[in-house]
>>> print(open('model_39.txt').read())   # compact mmCIF, C-alpha atoms and all ligand atoms
# COMPACT_ATOMS: atom_id res chain seq x y z
CA MET A 1 -0.77 28.75 -3.60
CA ARG A 2 -2.39 27.57 -6.83
CA SER A 3 0.75 28.41 -8.82
CA THR A 4 2.55 25.60 -6.98
CA ARG A 5 0.28 22.92 -8.45
CA ILE A 6 1.94 20.21 -10.54
CA LYS A 7 1.70 21.11 -14.20
CA ASP A 8 0.47 18.18 -16.24
CA LYS A 9 3.09 18.07 -19.02
CA ASN A 10 1.70 14.96 -20.62
CA PRO A 11 -2.09 14.73 -20.28
CA MET A 12 -2.17 11.60 -22.45
CA GLY A 13 0.33 9.94 -20.12
CA THR A 14 -1.85 10.91 -17.18
CA ALA A 15 -5.00 9.60 -18.84
CA TRP A 16 -3.21 6.32 -19.66
CA LYS A 17 -2.08 5.93 -16.04
CA MET A 18 -5.62 6.64 -14.80
CA LEU A 19 -6.97 3.99 -17.16
CA LEU A 20 -4.37 1.49 -15.95
CA ARG A 21 -5.34 2.26 -12.36
CA TYR A 22 -9.02 1.79 -13.15
CA MET A 23 -8.21 -1.62 -14.64
CA GLY A 24 -5.78 -2.43 -11.82
CA MET A 25 -8.57 -1.80 -9.32
CA ASN A 26 -11.45 -3.40 -11.16
CA ALA A 27 -10.21 -6.15 -13.50
CA PRO A 28 -11.90 -9.47 -12.74
CA SER A 29 -8.70 -11.50 -12.29
CA GLN A 30 -5.71 -11.07 -10.02
CA SER A 31 -3.20 -11.57 -12.85
CA LEU A 32 -4.85 -8.81 -14.90
CA ARG A 33 -4.90 -6.41 -11.95
CA VAL A 34 -1.20 -7.04 -11.32
CA LYS A 35 -0.35 -6.66 -15.01
CA MET A 36 -2.14 -3.28 -15.24
CA TYR A 37 -0.26 -1.91 -12.25
CA ARG A 38 3.07 -3.24 -13.58
CA TRP A 39 2.37 -1.39 -16.82
CA ALA A 40 1.78 1.74 -14.74
CA GLY A 41 5.31 1.36 -13.33
CA ILE A 42 4.65 -0.27 -9.94
CA LYS A 43 7.16 -3.04 -9.10
CA ILE A 44 5.21 -6.15 -8.10
CA GLY A 45 6.82 -9.56 -7.49
CA ASP A 46 4.75 -12.74 -7.42
CA PRO A 47 1.88 -11.92 -5.04
CA PHE A 48 -0.10 -14.54 -3.13
CA VAL A 49 -3.26 -12.41 -3.06
CA PHE A 50 -3.71 -9.13 -4.94
CA GLY A 51 -7.33 -8.22 -4.24
CA SER A 52 -9.64 -5.86 -6.07
CA HIS A 53 -10.13 -2.13 -5.47
CA ILE A 54 -6.50 -1.59 -4.49
CA PHE A 55 -5.60 2.03 -5.14
CA MET A 56 -1.94 2.44 -6.10
CA ASP A 57 -0.31 5.84 -6.53
CA VAL A 58 0.32 5.51 -10.27
CA MET A 59 1.24 9.19 -10.68
CA PHE A 60 4.38 8.59 -8.60
CA PRO A 61 4.82 4.85 -8.98
CA ASN A 62 7.76 4.57 -6.61
CA ILE A 63 6.23 1.51 -5.00
CA SER A 64 7.89 -1.87 -4.68
CA ILE A 65 6.02 -5.03 -3.63
CA GLY A 66 7.86 -8.31 -2.97
CA ASP A 67 6.85 -11.94 -3.44
CA ASP A 68 4.11 -13.87 -1.57
CA VAL A 69 2.49 -10.65 -0.43
CA ILE A 70 -1.20 -10.47 0.48
CA LEU A 71 -3.03 -7.24 -0.30
CA ALA A 72 -6.57 -8.21 0.70
CA GLY A 73 -8.38 -5.44 -1.18
CA TYR A 74 -9.73 -1.90 -0.75
CA ASP A 75 -6.23 -0.81 0.27
CA TYR A 76 -4.53 2.50 -0.55
CA VAL A 77 -0.79 2.59 -1.25
CA LEU A 78 0.34 6.21 -1.51
CA SER A 79 3.72 7.62 -2.53
CA HIS A 80 3.05 11.34 -2.56
CA SER A 81 1.35 13.94 -0.38
CA ASN A 82 0.53 16.87 -2.62
CA VAL A 83 -1.75 18.15 0.12
CA LEU A 84 1.54 19.57 1.47
CA TRP A 85 2.40 21.60 -1.63
CA GLY A 86 2.94 25.20 -0.63
CA TYR A 87 3.54 24.25 3.01
CA LYS A 88 6.78 22.25 2.76
CA ALA A 89 9.68 23.59 0.70
CA GLY A 90 10.80 21.82 -2.42
CA GLU A 91 8.63 18.76 -2.43
CA GLY A 92 5.20 17.27 -2.63
CA GLY A 93 6.05 14.67 -0.07
CA ILE A 94 7.08 12.19 -2.76
CA LYS A 95 8.53 9.18 -0.93
CA PRO A 96 8.89 5.52 -1.89
CA VAL A 97 6.86 2.70 -0.37
CA VAL A 98 8.27 -0.81 0.08
CA ILE A 99 6.19 -3.86 0.96
CA LYS A 100 8.62 -6.72 1.61
CA ASN A 101 8.24 -10.43 0.87
CA GLY A 102 5.44 -12.23 2.67
CA ALA A 103 3.84 -9.12 4.17
CA ARG A 104 0.05 -9.39 4.66
CA ILE A 105 -2.04 -6.27 4.33
CA SER A 106 -5.64 -6.75 5.51
CA ILE A 107 -8.68 -5.11 4.03
CA ASN A 108 -9.07 -1.31 3.98
CA VAL A 109 -5.51 -0.39 4.96
CA THR A 110 -3.87 2.92 4.00
CA ILE A 111 -0.09 2.93 3.59
CA LEU A 112 1.37 6.44 3.57
CA PRO A 113 4.40 7.74 1.61
CA GLY A 114 7.83 6.66 2.85
CA VAL A 115 6.68 3.56 4.72
CA THR A 116 8.41 0.16 4.57
CA ILE A 117 6.39 -2.86 5.65
CA GLY A 118 8.76 -5.60 6.88
CA GLU A 119 8.98 -9.22 5.75
CA ASN A 120 6.00 -11.31 6.89
CA ALA A 121 4.57 -8.37 8.82
CA VAL A 122 0.76 -8.33 9.22
CA ILE A 123 -1.30 -5.14 9.13
CA GLY A 124 -4.77 -5.37 10.70
CA ALA A 125 -7.91 -4.32 8.88
CA GLY A 126 -8.58 -0.59 8.72
CA ALA A 127 -5.08 0.51 9.77
CA VAL A 128 -3.36 3.69 8.61
CA VAL A 129 0.37 2.95 8.42
CA THR A 130 2.44 6.09 8.99
CA LYS A 131 5.79 4.55 10.04
CA ASP A 132 7.93 1.55 9.11
CA ILE A 133 6.72 -1.78 10.46
CA PRO A 134 9.39 -4.35 11.41
CA ASP A 135 9.59 -7.91 10.03
CA ASN A 136 7.10 -10.45 11.50
CA CYS A 137 5.24 -7.77 13.41
CA LEU A 138 1.44 -7.42 13.74
CA ALA A 139 0.47 -3.75 13.65
CA VAL A 140 -3.08 -2.43 14.00
CA GLY A 141 -5.00 0.79 14.34
CA VAL A 142 -4.84 4.42 13.32
CA PRO A 143 -2.00 5.21 13.32
CA ALA A 144 -0.80 1.60 13.07
CA LYS A 145 1.12 0.47 16.15
CA PRO A 146 2.98 -2.81 16.61
CA VAL A 147 1.06 -5.06 19.03
CA LYS A 148 3.07 -8.27 18.86
CA PHE A 149 5.61 -10.31 16.95
CA LEU A 150 4.32 -13.38 15.15
CA LYS A 151 6.01 -16.78 14.96
CA PRO A 152 5.30 -18.91 11.91
CA ILE A 153 3.78 -22.32 12.66
CA THR A 154 6.16 -25.10 11.65
CA ALA A 155 4.67 -28.51 10.79
C1 LIG B 1 -5.10 -8.53 12.64
C2 LIG B 1 -6.07 -9.70 12.77
C3 LIG B 1 -5.60 -10.80 11.82
C4 LIG B 1 -6.13 -10.20 14.19
O1 LIG B 1 -4.97 -10.88 14.55
P1 LIG B 1 -4.90 -11.63 15.95
O2 LIG B 1 -3.55 -12.22 16.08
O3 LIG B 1 -6.06 -12.52 16.14
O4 LIG B 1 -4.97 -10.38 16.90
P2 LIG B 1 -5.58 -10.32 18.35
O5 LIG B 1 -7.03 -10.64 18.32
O6 LIG B 1 -4.70 -11.07 19.27
O7 LIG B 1 -5.46 -8.76 18.62
C5 LIG B 1 -4.41 -8.17 19.31
C6 LIG B 1 -4.91 -6.78 19.71
O8 LIG B 1 -5.08 -5.99 18.54
C7 LIG B 1 -6.45 -5.56 18.42
N1 LIG B 1 -6.83 -5.66 17.03
C8 LIG B 1 -6.84 -6.77 16.25
N2 LIG B 1 -7.18 -6.45 15.00
C9 LIG B 1 -7.38 -5.12 14.98
C10 LIG B 1 -7.74 -4.21 13.95
N3 LIG B 1 -7.94 -4.63 12.71
N4 LIG B 1 -7.84 -2.89 14.27
C11 LIG B 1 -7.62 -2.47 15.53
N5 LIG B 1 -7.26 -3.30 16.56
C12 LIG B 1 -7.15 -4.59 16.27
C13 LIG B 1 -7.26 -6.51 19.30
O9 LIG B 1 -8.43 -5.90 19.77
C14 LIG B 1 -6.26 -6.78 20.40
O10 LIG B 1 -6.24 -5.69 21.29
P3 LIG B 1 -6.16 -5.94 22.90
O11 LIG B 1 -4.84 -6.64 23.10
O12 LIG B 1 -6.21 -4.55 23.44
O13 LIG B 1 -7.33 -6.78 23.22
C15 LIG B 1 -7.51 -9.30 12.44
O14 LIG B 1 -8.01 -8.44 13.41
C16 LIG B 1 -7.66 -8.64 11.09
O15 LIG B 1 -7.51 -7.45 10.93
N6 LIG B 1 -7.93 -9.52 10.15
C17 LIG B 1 -7.95 -9.17 8.74
C18 LIG B 1 -9.34 -9.36 8.11
C19 LIG B 1 -9.21 -9.23 6.63
O16 LIG B 1 -8.74 -8.22 6.12
N7 LIG B 1 -9.60 -10.28 5.94
C20 LIG B 1 -9.35 -10.41 4.52
C21 LIG B 1 -8.01 -11.06 4.38
S1 LIG B 1 -7.73 -11.80 2.82
>>> encode(input="model_39.txt", output="C-alpha cells", more="lines below")
Ligand SMILES: CC(C)(COP(=O)(O)OP(=O)(O)OC[C@H]1O[C@@H](n2cnc3c(N)ncnc32)[C@H](O)[C@@H]1OP(=O)(O)O)[C@@H](O)C(=O)NCCC(=O)NCCS
Amino acid sequence: MRSTRIKDKNPMGTAWKMLLRYMGMNAPSQSLRVKMYRWAGIKIGDPFVFGSHIFMDVMFPNISIGDDVILAGYDYVLSHSNVLWGYKAGEGGIKPVVIKNGARISINVTILPGVTIGENAVIGAGAVVTKDIPDNCLAVGVPAKPVKFLKPITA
C-alpha cells in the first residue's frame, strides 16, 4: 500500500504551497488571504467575505470560487481524497470543487471533492457537503441536505 503514495517531485513547490496556505489561513486581512490562495492556484473572484482559517486544498488547487461569495471562516474546501489511494483504481479521488456566485458558506463547513455549490445557495454552520447543492437552496447537516429554497428580499 505504501508504494502507492504520491511521490513529492518538487519538495520546494510543496513547501511554497504550504507557506501560501498558512498565510491564506492566517493573514490579518481578507485581501491578503485571498491573494495568497490565488498565488497557490485557487481561482477566486471578488468575494464578499473570505474569513480566516479557511483550509483550501492547495496541493490540488482545482477549486473555483465566484463573486460575492461568503466563506465565513474555519471552512475546509477539499479537492482530493488520498485516503482512497490503494482502494480505488487509478485515482486519489481528485475532483474539482465549484462555489458559484453569491453562495454563502457558514462557519465550520467541509466541502468534499467534486461538489458544486449553486448560486446564492446557503450552507448552514457545521455542515459536511458531499453532493451538489442547487441554486438558492439552504442545506444543513452532516451530510448536508437541502431543507428549503430561499427567496431574496426585494426592497
Ligand atoms: C443556516 C442558518 C442561517 C439558519 O437559517 P434559517 O433560515 O434561520 O433556518 P431555520 O432556522 O429555518 O432552519 C431550518 C431547519 O434547519 C435546521 N438547521 C438550521 N441551521 C442548521 C445547522 N447549522 N445545522 C443543522 N441544522 C440546522 C433547523 O433546526 C431547522 O430544522 P427543523 O425544520 O427540523 O426545525 C443558521 O442556522 C446558520 O448556520 N447560520 C450561520 C452562522 C454562521 O456561520 N455565522 C457566521 C457567518 S459570517
>>> closest_residue(input="model_39.txt", among="A:Ala139, A:Ala125, A:Ala144, A:Leu150", to="ligand LIG 1 (chain B)", atoms="only C-alpha atoms and all ligand atoms")
A:Ala125
>>> residues_near_ligand(input="model_39.txt", ligand="ligand LIG 1 (chain B)", cutoff="10 Å", atoms="all atoms listed in the file", output="ChimeraX atom specification")
/A:49-51,70-75,104-109,122-128,138-150
>>> residues_near_point(input="model_39.txt", point="(-4.9, 8.6, -13.4)", cutoff="12 Å", atoms="all atoms listed in the file", output="list in words")
Asp8, Asn10, Pro11, Met12, Gly13, Thr14, Ala15, Trp16, Lys17, Met18, Leu19, Leu20, Arg21, Tyr22, Met23, Gly24, Met25, Tyr37, Ala40, Phe55, Met56, Asp57, Val58, Met59, Phe60 and Pro61 of chain A
>>> atom_distance(input="model_39.txt", atom1="CA of Val115 in chain A", atom2="CA of Ser31 in chain A")
25.2 Å
>>> atom_distance(input="model_39.txt", atom1="CA of Asn101 in chain A", atom2="CA of Asp46 in chain A")
9.3 Å
>>> axis_aligned_box(input="model_39.txt", around="range 96-114 of chain A", padding_each_side="6 Å", output="lines of an AutoDock Vina configuration file")
center_x = -0.1
center_y = -2.2
center_z = 1.8
size_x = 30.0
size_y = 32.0
size_z = 19.4
>>> decode(input="model_39.txt", residues="range 39-65 of chain A", atoms="N, CA and C atoms", output="PDB file, in the first residue's frame")
ATOM      1  N   TRP A  39      -2.316  32.919  -5.419  1.00  0.00           N
ATOM      2  CA  TRP A  39      -0.939  32.540  -5.787  1.00  0.00           C
ATOM      3  C   TRP A  39      -0.755  31.020  -5.736  1.00  0.00           C
ATOM      4  N   ALA A  40      -1.504  30.373  -4.865  1.00  0.00           N
ATOM      5  CA  ALA A  40      -1.412  28.904  -4.766  1.00  0.00           C
ATOM      6  C   ALA A  40      -2.196  28.212  -5.884  1.00  0.00           C
ATOM      7  N   GLY A  41      -2.895  28.997  -6.717  1.00  0.00           N
ATOM      8  CA  GLY A  41      -3.572  28.411  -7.880  1.00  0.00           C
ATOM      9  C   GLY A  41      -5.076  28.286  -7.743  1.00  0.00           C
ATOM     10  N   ILE A  42      -5.644  28.709  -6.613  1.00  0.00           N
ATOM     11  CA  ILE A  42      -7.106  28.633  -6.446  1.00  0.00           C
ATOM     12  C   ILE A  42      -7.727  29.820  -7.207  1.00  0.00           C
ATOM     13  N   LYS A  43      -8.817  29.541  -7.943  1.00  0.00           N
ATOM     14  CA  LYS A  43      -9.499  30.638  -8.672  1.00  0.00           C
ATOM     15  C   LYS A  43     -10.511  31.280  -7.724  1.00  0.00           C
ATOM     16  N   ILE A  44     -10.314  32.547  -7.434  1.00  0.00           N
ATOM     17  CA  ILE A  44     -11.222  33.252  -6.511  1.00  0.00           C
ATOM     18  C   ILE A  44     -11.635  34.553  -7.191  1.00  0.00           C
ATOM     19  N   GLY A  45     -12.961  34.770  -7.306  1.00  0.00           N
ATOM     20  CA  GLY A  45     -13.471  36.006  -7.910  1.00  0.00           C
ATOM     21  C   GLY A  45     -13.307  37.169  -6.942  1.00  0.00           C
ATOM     22  N   ASP A  46     -14.389  37.908  -6.748  1.00  0.00           N
ATOM     23  CA  ASP A  46     -14.366  39.061  -5.843  1.00  0.00           C
ATOM     24  C   ASP A  46     -15.263  38.710  -4.648  1.00  0.00           C
ATOM     25  N   PRO A  47     -14.694  38.116  -3.604  1.00  0.00           N
ATOM     26  CA  PRO A  47     -15.551  37.611  -2.518  1.00  0.00           C
ATOM     27  C   PRO A  47     -16.142  38.739  -1.677  1.00  0.00           C
ATOM     28  N   PHE A  48     -17.290  38.481  -1.065  1.00  0.00           N
ATOM     29  CA  PHE A  48     -17.878  39.432  -0.128  1.00  0.00           C
ATOM     30  C   PHE A  48     -17.200  39.254   1.235  1.00  0.00           C
ATOM     31  N   VAL A  49     -17.152  38.025   1.700  1.00  0.00           N
ATOM     32  CA  VAL A  49     -16.415  37.715   2.942  1.00  0.00           C
ATOM     33  C   VAL A  49     -15.521  36.512   2.665  1.00  0.00           C
ATOM     34  N   PHE A  50     -14.256  36.621   2.987  1.00  0.00           N
ATOM     35  CA  PHE A  50     -13.336  35.482   2.922  1.00  0.00           C
ATOM     36  C   PHE A  50     -12.647  35.444   4.284  1.00  0.00           C
ATOM     37  N   GLY A  51     -13.237  34.660   5.189  1.00  0.00           N
ATOM     38  CA  GLY A  51     -12.822  34.677   6.597  1.00  0.00           C
ATOM     39  C   GLY A  51     -11.443  34.067   6.811  1.00  0.00           C
ATOM     40  N   SER A  52     -11.071  33.982   8.078  1.00  0.00           N
ATOM     41  CA  SER A  52      -9.759  33.411   8.402  1.00  0.00           C
ATOM     42  C   SER A  52      -9.899  31.908   8.678  1.00  0.00           C
ATOM     43  N   HIS A  53      -8.764  31.240   8.703  1.00  0.00           N
ATOM     44  CA  HIS A  53      -8.688  29.804   8.986  1.00  0.00           C
ATOM     45  C   HIS A  53      -9.499  28.974   7.988  1.00  0.00           C
ATOM     46  N   ILE A  54      -9.498  29.426   6.727  1.00  0.00           N
ATOM     47  CA  ILE A  54     -10.127  28.626   5.672  1.00  0.00           C
ATOM     48  C   ILE A  54      -9.043  27.762   5.037  1.00  0.00           C
ATOM     49  N   PHE A  55      -9.264  26.455   5.106  1.00  0.00           N
ATOM     50  CA  PHE A  55      -8.288  25.484   4.609  1.00  0.00           C
ATOM     51  C   PHE A  55      -8.668  25.127   3.184  1.00  0.00           C
ATOM     52  N   MET A  56      -7.812  25.525   2.230  1.00  0.00           N
ATOM     53  CA  MET A  56      -8.052  25.189   0.819  1.00  0.00           C
ATOM     54  C   MET A  56      -7.042  24.128   0.400  1.00  0.00           C
ATOM     55  N   ASP A  57      -7.476  23.241  -0.481  1.00  0.00           N
ATOM     56  CA  ASP A  57      -6.649  22.105  -0.895  1.00  0.00           C
ATOM     57  C   ASP A  57      -5.612  22.569  -1.924  1.00  0.00           C
ATOM     58  N   VAL A  58      -4.566  23.218  -1.444  1.00  0.00           N
ATOM     59  CA  VAL A  58      -3.585  23.821  -2.363  1.00  0.00           C
ATOM     60  C   VAL A  58      -2.762  22.785  -3.129  1.00  0.00           C
ATOM     61  N   MET A  59      -2.712  21.542  -2.655  1.00  0.00           N
ATOM     62  CA  MET A  59      -1.936  20.531  -3.381  1.00  0.00           C
ATOM     63  C   MET A  59      -2.612  20.155  -4.697  1.00  0.00           C
ATOM     64  N   PHE A  60      -3.930  20.276  -4.732  1.00  0.00           N
ATOM     65  CA  PHE A  60      -4.702  20.002  -5.962  1.00  0.00           C
ATOM     66  C   PHE A  60      -5.672  21.172  -6.135  1.00  0.00           C
ATOM     67  N   PRO A  61      -5.157  22.326  -6.543  1.00  0.00           N
ATOM     68  CA  PRO A  61      -5.950  23.548  -6.437  1.00  0.00           C
ATOM     69  C   PRO A  61      -7.023  23.695  -7.514  1.00  0.00           C
ATOM     70  N   ASN A  62      -7.755  22.618  -7.745  1.00  0.00           N
ATOM     71  CA  ASN A  62      -8.797  22.631  -8.762  1.00  0.00           C
ATOM     72  C   ASN A  62     -10.098  23.131  -8.131  1.00  0.00           C
ATOM     73  N   ILE A  63     -10.034  24.359  -7.637  1.00  0.00           N
ATOM     74  CA  ILE A  63     -11.137  24.937  -6.870  1.00  0.00           C
ATOM     75  C   ILE A  63     -11.446  26.293  -7.493  1.00  0.00           C
ATOM     76  N   SER A  64     -12.731  26.527  -7.728  1.00  0.00           N
ATOM     77  CA  SER A  64     -13.128  27.772  -8.383  1.00  0.00           C
ATOM     78  C   SER A  64     -14.231  28.441  -7.563  1.00  0.00           C
ATOM     79  N   ILE A  65     -14.001  29.678  -7.166  1.00  0.00           N
ATOM     80  CA  ILE A  65     -14.932  30.405  -6.289  1.00  0.00           C
ATOM     81  C   ILE A  65     -15.366  31.669  -7.026  1.00  0.00           C
TER      82      ILE A  65
END
